[in-house]
>>> print(open('final.pdb').read())   # PDB, C-alpha atoms
ATOM      1  CA  LYS P  29     -12.802  40.937 -18.984  1.00  0.00           C
ATOM      2  CA  GLN P  30     -12.736  37.404 -20.267  1.00  0.00           C
ATOM      3  CA  GLU P  31     -14.124  34.841 -17.852  1.00  0.00           C
ATOM      4  CA  VAL P  32     -14.353  31.089 -18.109  1.00  0.00           C
ATOM      5  CA  THR P  33     -16.933  29.314 -15.954  1.00  0.00           C
ATOM      6  CA  GLN P  34     -17.354  25.601 -15.391  1.00  0.00           C
ATOM      7  CA  ILE P  35     -20.528  23.913 -14.261  1.00  0.00           C
ATOM      8  CA  PRO P  36     -20.973  21.901 -12.150  1.00  0.00           C
ATOM      9  CA  ALA P  37     -18.236  22.682  -9.620  1.00  0.00           C
ATOM     10  CA  ALA P  38     -18.383  19.120  -8.333  1.00  0.00           C
ATOM     11  CA  LEU P  39     -19.950  15.911  -9.561  1.00  0.00           C
ATOM     12  CA  SER P  40     -20.246  12.430  -8.090  1.00  0.00           C
ATOM     13  CA  VAL P  41     -21.520   9.602 -10.287  1.00  0.00           C
ATOM     14  CA  PRO P  42     -21.635   5.797 -10.196  1.00  0.00           C
ATOM     15  CA  GLU P  43     -19.267   3.893 -12.418  1.00  0.00           C
ATOM     16  CA  GLY P  44     -20.490   3.353 -15.970  1.00  0.00           C
ATOM     17  CA  GLU P  45     -22.478   6.560 -16.302  1.00  0.00           C
ATOM     18  CA  ASN P  46     -22.066   8.895 -19.264  1.00  0.00           C
ATOM     19  CA  LEU P  47     -21.553  12.471 -18.177  1.00  0.00           C
ATOM     20  CA  VAL P  48     -21.174  15.993 -19.522  1.00  0.00           C
ATOM     21  CA  LEU P  49     -18.995  18.761 -18.157  1.00  0.00           C
ATOM     22  CA  ASN P  50     -19.713  22.322 -19.213  1.00  0.00           C
ATOM     23  CA  CYS P  51     -17.432  25.268 -19.901  1.00  0.00           C
ATOM     24  CA  SER P  52     -18.710  28.768 -20.705  1.00  0.00           C
ATOM     25  CA  PHE P  53     -16.660  31.754 -21.843  1.00  0.00           C
ATOM     26  CA  THR P  54     -17.657  35.382 -22.212  1.00  0.00           C
ATOM     27  CA  ASP P  55     -15.532  36.426 -25.162  1.00  0.00           C
ATOM     28  CA  SER P  56     -15.838  34.880 -28.612  1.00  0.00           C
ATOM     29  CA  ALA P  57     -12.241  35.948 -29.394  1.00  0.00           C
ATOM     30  CA  ILE P  58     -11.062  32.469 -28.502  1.00  0.00           C
ATOM     31  CA  TYR P  59      -8.348  30.970 -30.653  1.00  0.00           C
ATOM     32  CA  ASN P  60      -8.650  27.475 -29.241  1.00  0.00           C
ATOM     33  CA  LEU P  61     -10.039  25.686 -26.205  1.00  0.00           C
ATOM     34  CA  GLN P  62      -8.187  22.986 -24.328  1.00  0.00           C
ATOM     35  CA  TRP P  63      -9.471  20.485 -21.775  1.00  0.00           C
ATOM     36  CA  PHE P  64      -7.192  19.193 -19.024  1.00  0.00           C
ATOM     37  CA  ARG P  65      -7.406  16.851 -16.074  1.00  0.00           C
ATOM     38  CA  GLN P  66      -5.584  17.468 -12.839  1.00  0.00           C
ATOM     39  CA  ASP P  67      -5.021  14.879 -10.154  1.00  0.00           C
ATOM     40  CA  PRO P  68      -4.638  16.197  -6.579  1.00  0.00           C
ATOM     41  CA  GLY P  69      -1.386  18.097  -6.098  1.00  0.00           C
ATOM     42  CA  LYS P  70      -0.205  17.294  -9.622  1.00  0.00           C
ATOM     43  CA  GLY P  71       0.271  19.122 -12.879  1.00  0.00           C
ATOM     44  CA  LEU P  72      -2.208  19.202 -15.734  1.00  0.00           C
ATOM     45  CA  THR P  73      -2.626  16.521 -18.366  1.00  0.00           C
ATOM     46  CA  SER P  74      -3.898  17.699 -21.742  1.00  0.00           C
ATOM     47  CA  LEU P  75      -6.959  15.781 -22.882  1.00  0.00           C
ATOM     48  CA  LEU P  76      -8.252  17.502 -25.991  1.00  0.00           C
ATOM     49  CA  LEU P  77      -7.600  20.673 -27.951  1.00  0.00           C
ATOM     50  CA  ILE P  78     -10.252  22.217 -30.180  1.00  0.00           C
ATOM     51  CA  GLN P  79      -9.236  24.886 -32.660  1.00  0.00           C
ATOM     52  CA  SER P  80     -11.641  27.768 -33.240  1.00  0.00           C
ATOM     53  CA  SER P  81     -12.309  26.442 -36.746  1.00  0.00           C
ATOM     54  CA  GLN P  82     -13.322  23.013 -35.384  1.00  0.00           C
ATOM     55  CA  ARG P  83     -16.518  21.954 -33.705  1.00  0.00           C
ATOM     56  CA  GLU P  84     -15.375  18.847 -31.868  1.00  0.00           C
ATOM     57  CA  GLN P  85     -12.525  16.492 -31.049  1.00  0.00           C
ATOM     58  CA  THR P  86     -12.590  12.890 -29.884  1.00  0.00           C
ATOM     59  CA  SER P  87     -10.086  10.780 -28.000  1.00  0.00           C
ATOM     60  CA  GLY P  88     -11.155   7.355 -26.783  1.00  0.00           C
ATOM     61  CA  ARG P  89     -14.087   7.773 -24.381  1.00  0.00           C
ATOM     62  CA  LEU P  90     -13.773  11.554 -24.467  1.00  0.00           C
ATOM     63  CA  ASN P  91     -15.506  13.940 -26.833  1.00  0.00           C
ATOM     64  CA  ALA P  92     -15.234  17.721 -26.628  1.00  0.00           C
ATOM     65  CA  SER P  93     -17.292  20.217 -28.585  1.00  0.00           C
ATOM     66  CA  LEU P  94     -16.944  23.944 -29.119  1.00  0.00           C
ATOM     67  CA  ASP P  95     -19.671  26.428 -30.019  1.00  0.00           C
ATOM     68  CA  LYS P  96     -18.119  29.880 -30.257  1.00  0.00           C
ATOM     69  CA  SER P  97     -21.402  31.599 -31.073  1.00  0.00           C
ATOM     70  CA  SER P  98     -22.924  30.515 -27.768  1.00  0.00           C
ATOM     71  CA  GLY P  99     -19.644  30.716 -25.854  1.00  0.00           C
ATOM     72  CA  ARG P 100     -19.760  27.093 -24.734  1.00  0.00           C
ATOM     73  CA  SER P 101     -17.707  23.954 -24.759  1.00  0.00           C
ATOM     74  CA  THR P 102     -18.700  20.565 -23.401  1.00  0.00           C
ATOM     75  CA  LEU P 103     -16.618  17.540 -22.453  1.00  0.00           C
ATOM     76  CA  TYR P 104     -18.467  14.245 -22.761  1.00  0.00           C
ATOM     77  CA  ILE P 105     -17.101  11.234 -20.885  1.00  0.00           C
ATOM     78  CA  ALA P 106     -18.573   7.897 -21.877  1.00  0.00           C
ATOM     79  CA  ALA P 107     -18.806   4.901 -19.558  1.00  0.00           C
ATOM     80  CA  SER P 108     -17.079   6.629 -16.657  1.00  0.00           C
ATOM     81  CA  GLN P 109     -14.545   4.709 -14.550  1.00  0.00           C
ATOM     82  CA  PRO P 110     -13.114   5.300 -11.058  1.00  0.00           C
ATOM     83  CA  GLY P 111      -9.812   6.230 -12.734  1.00  0.00           C
ATOM     84  CA  ASP P 112     -11.557   9.215 -14.307  1.00  0.00           C
ATOM     85  CA  SER P 113     -11.848  10.807 -10.864  1.00  0.00           C
ATOM     86  CA  ALA P 114      -9.961  14.113 -11.040  1.00  0.00           C
ATOM     87  CA  THR P 115     -10.517  17.826 -11.518  1.00  0.00           C
ATOM     88  CA  TYR P 116     -11.277  18.772 -15.117  1.00  0.00           C
ATOM     89  CA  LEU P 117     -10.269  22.211 -16.336  1.00  0.00           C
ATOM     90  CA  CYS P 118     -11.036  24.005 -19.548  1.00  0.00           C
ATOM     91  CA  ALA P 119      -8.850  26.828 -20.816  1.00  0.00           C
ATOM     92  CA  GLY P 120      -9.414  29.271 -23.638  1.00  0.00           C
ATOM     93  CA  ALA P 121      -6.586  30.803 -25.612  1.00  0.00           C
ATOM     94  CA  ILE P 122      -7.435  34.467 -26.039  1.00  0.00           C
ATOM     95  CA  THR P 123      -5.825  36.441 -28.818  1.00  0.00           C
ATOM     96  CA  SER P 124      -7.506  39.818 -28.455  1.00  0.00           C
ATOM     97  CA  GLY P 125      -4.682  42.145 -27.518  1.00  0.00           C
ATOM     98  CA  THR P 126      -2.011  39.626 -26.769  1.00  0.00           C
ATOM     99  CA  TYR P 127      -2.149  35.898 -26.355  1.00  0.00           C
ATOM    100  CA  LYS P 128      -2.900  34.257 -23.027  1.00  0.00           C
ATOM    101  CA  TYR P 129      -4.758  31.302 -21.592  1.00  0.00           C
ATOM    102  CA  ILE P 130      -7.730  31.832 -19.294  1.00  0.00           C
ATOM    103  CA  PHE P 131      -8.555  28.838 -17.116  1.00  0.00           C
ATOM    104  CA  GLY P 132     -11.961  27.860 -15.844  1.00  0.00           C
ATOM    105  CA  THR P 133     -12.672  27.162 -12.206  1.00  0.00           C
ATOM    106  CA  GLY P 134     -12.754  23.409 -12.725  1.00  0.00           C
ATOM    107  CA  THR P 135     -15.154  20.535 -12.112  1.00  0.00           C
ATOM    108  CA  ARG P 136     -14.193  17.996  -9.430  1.00  0.00           C
ATOM    109  CA  LEU P 137     -15.358  14.601 -10.626  1.00  0.00           C
ATOM    110  CA  LYS P 138     -15.659  11.533  -8.455  1.00  0.00           C
ATOM    111  CA  VAL P 139     -16.643   8.231 -10.046  1.00  0.00           C
ATOM    112  CA  LEU P 140     -17.799   5.689  -7.506  1.00  0.00           C
ATOM    113  CA  ALA P 141     -16.988   1.999  -7.951  1.00  0.00           C
TER     114      ALA P 141
ATOM    115  CA  GLU X  13       9.902  12.106 -25.646  1.00  0.00           C
ATOM    116  CA  ALA X  14      10.591  13.735 -22.283  1.00  0.00           C
ATOM    117  CA  GLY X  15       7.868  15.961 -20.916  1.00  0.00           C
ATOM    118  CA  VAL X  16       8.090  19.333 -19.240  1.00  0.00           C
ATOM    119  CA  THR X  17      10.239  19.136 -16.132  1.00  0.00           C
ATOM    120  CA  GLN X  18      10.259  21.446 -13.136  1.00  0.00           C
ATOM    121  CA  SER X  19      12.567  21.811 -10.164  1.00  0.00           C
ATOM    122  CA  PRO X  20      12.520  21.718  -7.279  1.00  0.00           C
ATOM    123  CA  THR X  21       9.433  19.652  -6.469  1.00  0.00           C
ATOM    124  CA  HIS X  22       8.996  21.399  -3.153  1.00  0.00           C
ATOM    125  CA  LEU X  23      10.434  24.660  -1.854  1.00  0.00           C
ATOM    126  CA  ILE X  24      10.061  26.086   1.631  1.00  0.00           C
ATOM    127  CA  LYS X  25      10.980  29.727   2.230  1.00  0.00           C
ATOM    128  CA  THR X  26      10.342  32.354   4.869  1.00  0.00           C
ATOM    129  CA  ARG X  27       8.700  35.713   4.384  1.00  0.00           C
ATOM    130  CA  GLY X  28      10.940  38.268   2.688  1.00  0.00           C
ATOM    131  CA  GLN X  29      13.196  35.702   1.036  1.00  0.00           C
ATOM    132  CA  GLN X  30      13.550  35.083  -2.683  1.00  0.00           C
ATOM    133  CA  ALA X  31      12.512  31.910  -4.501  1.00  0.00           C
ATOM    134  CA  THR X  32      13.770  30.620  -7.842  1.00  0.00           C
ATOM    135  CA  LEU X  33      11.821  27.990  -9.746  1.00  0.00           C
ATOM    136  CA  ARG X  34      13.042  26.291 -12.894  1.00  0.00           C
ATOM    137  CA  CYS X  35      11.387  24.779 -15.927  1.00  0.00           C
ATOM    138  CA  SER X  36      12.647  22.824 -18.921  1.00  0.00           C
ATOM    139  CA  PRO X  37      10.258  22.646 -21.886  1.00  0.00           C
ATOM    140  CA  ILE X  38       9.637  19.761 -24.219  1.00  0.00           C
ATOM    141  CA  SER X  39      12.338  19.567 -26.875  1.00  0.00           C
ATOM    142  CA  GLY X  40      11.365  21.745 -29.832  1.00  0.00           C
ATOM    143  CA  HIS X  41       9.025  23.978 -27.845  1.00  0.00           C
ATOM    144  CA  THR X  42      10.024  27.637 -27.788  1.00  0.00           C
ATOM    145  CA  SER X  43       7.292  29.015 -25.544  1.00  0.00           C
ATOM    146  CA  VAL X  44       7.171  28.671 -21.784  1.00  0.00           C
ATOM    147  CA  TYR X  45       4.257  29.741 -19.611  1.00  0.00           C
ATOM    148  CA  TRP X  46       4.076  30.118 -15.842  1.00  0.00           C
ATOM    149  CA  TYR X  47       0.921  29.767 -13.752  1.00  0.00           C
ATOM    150  CA  GLN X  48       0.102  30.059 -10.071  1.00  0.00           C
ATOM    151  CA  GLN X  49      -2.456  27.772  -8.467  1.00  0.00           C
ATOM    152  CA  ALA X  50      -3.153  28.845  -4.920  1.00  0.00           C
ATOM    153  CA  LEU X  51      -5.186  26.594  -2.631  1.00  0.00           C
ATOM    154  CA  GLY X  52      -8.871  26.983  -3.339  1.00  0.00           C
ATOM    155  CA  LEU X  53      -8.248  29.249  -6.297  1.00  0.00           C
ATOM    156  CA  GLY X  54      -8.046  28.572  -9.992  1.00  0.00           C
ATOM    157  CA  LEU X  55      -5.018  28.687 -12.226  1.00  0.00           C
ATOM    158  CA  GLN X  56      -3.793  32.213 -12.706  1.00  0.00           C
ATOM    159  CA  PHE X  57      -1.627  33.128 -15.697  1.00  0.00           C
ATOM    160  CA  LEU X  58       1.693  34.638 -14.607  1.00  0.00           C
ATOM    161  CA  LEU X  59       4.119  34.983 -17.503  1.00  0.00           C
ATOM    162  CA  TRP X  60       4.706  33.896 -21.079  1.00  0.00           C
ATOM    163  CA  TYR X  61       8.148  33.696 -22.655  1.00  0.00           C
ATOM    164  CA  ASP X  62       8.905  32.945 -26.260  1.00  0.00           C
ATOM    165  CA  GLU X  63      12.270  33.005 -28.026  1.00  0.00           C
ATOM    166  CA  GLY X  64      13.869  34.528 -24.965  1.00  0.00           C
ATOM    167  CA  GLU X  65      11.482  37.439 -24.612  1.00  0.00           C
ATOM    168  CA  GLU X  66       8.629  38.156 -22.241  1.00  0.00           C
ATOM    169  CA  ARG X  67       5.480  38.247 -24.401  1.00  0.00           C
ATOM    170  CA  ASN X  68       2.808  38.779 -21.799  1.00  0.00           C
ATOM    171  CA  ARG X  69       2.275  38.843 -18.059  1.00  0.00           C
ATOM    172  CA  GLY X  70      -0.756  38.428 -15.866  1.00  0.00           C
ATOM    173  CA  ASN X  71      -1.966  40.649 -13.045  1.00  0.00           C
ATOM    174  CA  PHE X  72       0.905  40.029 -10.663  1.00  0.00           C
ATOM    175  CA  PRO X  73       3.233  42.527  -8.993  1.00  0.00           C
ATOM    176  CA  PRO X  74       6.721  43.185 -10.392  1.00  0.00           C
ATOM    177  CA  ARG X  75       8.329  41.052  -7.690  1.00  0.00           C
ATOM    178  CA  PHE X  76       7.264  38.115  -9.870  1.00  0.00           C
ATOM    179  CA  SER X  77       9.740  38.004 -12.721  1.00  0.00           C
ATOM    180  CA  GLY X  78      11.555  35.521 -14.851  1.00  0.00           C
ATOM    181  CA  ARG X  79      13.624  34.870 -17.882  1.00  0.00           C
ATOM    182  CA  GLN X  80      14.071  32.403 -20.678  1.00  0.00           C
ATOM    183  CA  PHE X  81      17.479  31.092 -21.618  1.00  0.00           C
ATOM    184  CA  PRO X  82      18.862  30.374 -25.116  1.00  0.00           C
ATOM    185  CA  ASN X  83      18.019  26.674 -24.658  1.00  0.00           C
ATOM    186  CA  TYR X  84      14.385  27.756 -23.956  1.00  0.00           C
ATOM    187  CA  SER X  85      14.442  26.691 -20.328  1.00  0.00           C
ATOM    188  CA  SER X  86      13.047  29.257 -17.946  1.00  0.00           C
ATOM    189  CA  GLU X  87      13.319  30.581 -14.414  1.00  0.00           C
ATOM    190  CA  LEU X  88      10.621  32.180 -12.317  1.00  0.00           C
ATOM    191  CA  ASN X  89      11.850  34.442  -9.538  1.00  0.00           C
ATOM    192  CA  VAL X  90       9.666  35.633  -6.704  1.00  0.00           C
ATOM    193  CA  ASN X  91      11.221  38.359  -4.553  1.00  0.00           C
ATOM    194  CA  ALA X  92      10.169  39.569  -1.113  1.00  0.00           C
ATOM    195  CA  LEU X  93       8.038  36.467  -0.526  1.00  0.00           C
ATOM    196  CA  GLU X  94       4.688  36.889   1.161  1.00  0.00           C
ATOM    197  CA  LEU X  95       2.567  34.239   2.859  1.00  0.00           C
ATOM    198  CA  GLU X  96      -0.017  34.419   0.086  1.00  0.00           C
ATOM    199  CA  ASP X  97       2.628  33.392  -2.460  1.00  0.00           C
ATOM    200  CA  SER X  98       2.284  29.845  -1.140  1.00  0.00           C
ATOM    201  CA  ALA X  99       0.948  27.877  -4.085  1.00  0.00           C
ATOM    202  CA  LEU X 100       1.607  25.263  -6.722  1.00  0.00           C
ATOM    203  CA  TYR X 101       3.536  26.883  -9.566  1.00  0.00           C
ATOM    204  CA  LEU X 102       3.012  25.212 -12.901  1.00  0.00           C
ATOM    205  CA  CYS X 103       5.067  25.593 -16.028  1.00  0.00           C
ATOM    206  CA  ALA X 104       3.832  24.727 -19.503  1.00  0.00           C
ATOM    207  CA  SER X 105       5.432  24.724 -22.915  1.00  0.00           C
ATOM    208  CA  SER X 106       4.203  24.774 -26.470  1.00  0.00           C
ATOM    209  CA  TYR X 107       5.255  25.135 -30.070  1.00  0.00           C
ATOM    210  CA  GLN X 108       4.647  28.457 -31.751  1.00  0.00           C
ATOM    211  CA  LEU X 109       3.054  28.403 -35.176  1.00  0.00           C
ATOM    212  CA  LEU X 110       4.978  25.493 -36.629  1.00  0.00           C
ATOM    213  CA  ALA X 111       3.385  24.193 -39.808  1.00  0.00           C
ATOM    214  CA  GLY X 112       1.333  21.078 -39.283  1.00  0.00           C
ATOM    215  CA  VAL X 113       1.311  21.339 -35.508  1.00  0.00           C
ATOM    216  CA  SER X 114      -1.547  22.736 -33.472  1.00  0.00           C
ATOM    217  CA  PRO X 115      -0.290  26.057 -32.215  1.00  0.00           C
ATOM    218  CA  TYR X 116      -0.727  27.007 -28.607  1.00  0.00           C
ATOM    219  CA  GLU X 117      -1.525  23.514 -27.269  1.00  0.00           C
ATOM    220  CA  GLN X 118       0.121  23.565 -23.876  1.00  0.00           C
ATOM    221  CA  TYR X 119       1.837  20.719 -22.078  1.00  0.00           C
ATOM    222  CA  PHE X 120       2.306  21.031 -18.347  1.00  0.00           C
ATOM    223  CA  GLY X 121       4.994  20.004 -15.919  1.00  0.00           C
ATOM    224  CA  PRO X 122       4.331  18.441 -12.501  1.00  0.00           C
ATOM    225  CA  GLY X 123       4.706  21.755 -10.671  1.00  0.00           C
ATOM    226  CA  THR X 124       6.719  23.208  -7.806  1.00  0.00           C
ATOM    227  CA  ARG X 125       4.981  23.471  -4.449  1.00  0.00           C
ATOM    228  CA  LEU X 126       6.165  26.708  -2.797  1.00  0.00           C
ATOM    229  CA  THR X 127       5.441  27.133   0.887  1.00  0.00           C
ATOM    230  CA  VAL X 128       6.140  30.471   2.543  1.00  0.00           C
ATOM    231  CA  THR X 129       6.250  30.461   6.351  1.00  0.00           C
TER     232      THR X 129
END
>>> encode(input="final.pdb", output="structure tokens")
Amino acid sequence: KQEVTQIPAALSVPEGENLVLNCSFTDSAIYNLQWFRQDPGKGLTSLLLIQSSQREQTSGRLNASLDKSSGRSTLYIAASQPGDSATYLCAGAITSGTYKYIFGTGTRLKVLA
Amino acid sequence: EAGVTQSPTHLIKTRGQQATLRCSPISGHTSVYWYQQALGLGLQFLLWYDEGEERNRGNFPPRFSGRQFPNYSSELNVNALELEDSALYLCASSYQLLAGVSPYEQYFGPGTRLTVT
């Protein structure tokens, strides 16, 4: 059974720090991996999508990497700001059998001003 | 470009009733996905529709069902509501294998908060 795990579950940092969020998956049959942020009680906002043939994607202060051989993806946030406070979710698109997305458990980030 | 829309925003039902949730995908997207996010739990995949057909479903009982209309909008129906069905229901849409566009990147709506009392 495919599982996606995110570490840490919660993180509190002072403003300006660079930080790394981790996502681990058990099955290398991942077609792509997508990072989202979710504000309390809201839907998900797509941040970055990494195809299985890619190793990383960058958008502004965000950089996501994917290492299928080790079953890991990381989301790097540079110069964190209070507005970055949210829950960050990774999701892997699995294509073994039939296609579906498996979501991680999320990391709750709080950036202190 | 309008995003994924969902209605209603909030829905309050009693045990045993039926709930209908609606989703309109981004224009040009043919796939619609439904997810359940119960309090304290992660996002659980419910259903995937593409071109009007159910392509896959998660580990949910048959009282969770839905359909996709010719305009690619979708309905999620939950019959015989139980207290544990209370959750945020999220809909997402995506393209499917269009040339030059990342396949399977999902865009989410704001969700419908279902409360069962």
>>> closest_atom_pairs(input="final.pdb", of="chain X", to="chain P", cutoff="6 Å", atoms="only C-alpha atoms", output="CSV")
residue,atom,partner,partner_atom,distance
X:Gly54,CA,P:Thr133,CA,5.3
X:Phe120,CA,P:Leu72,CA,5.5
X:Gly121,CA,P:Gly71,CA,5.7
X:Pro122,CA,P:Gly71,CA,4.1
X:Gly123,CA,P:Gly71,CA,5.6
>>> resolve_selection(input="final.pdb", expression="the PyMOL selection byres ((chain X and resi 92-96) around 6)", output="count of residues only")
8
>>> resolve_selection(input="final.pdb", expression="the PyMOL selection byres ((chain P and resi 94-97) around 12)", output="ChimeraX atom specification")
/P:50-63,76-86,91-93,98-104,118-120
>>> residues_near_point(input="final.pdb", point="(-0.5, 31.4, -13.8)", cutoff="7 Å", atoms="all atoms listed in the file", output="list in words")
Trp46, Tyr47, Gln48, Gln49, Leu55, Gln56, Phe57, Leu58 and Leu59 of chain X
>>> atom_distance(input="final.pdb", atom1="atom CA of Leu140 of chain P", atom2="atom CA of Gln34 of chain P")
21.4 Å
>>> residues_around(input="final.pdb", residues="Ile38 of chain X", least_positions_apart="5", cutoff="7 Å", atoms="only C-alpha atoms", output="ChimeraX atom specification")
/X:14-16,105
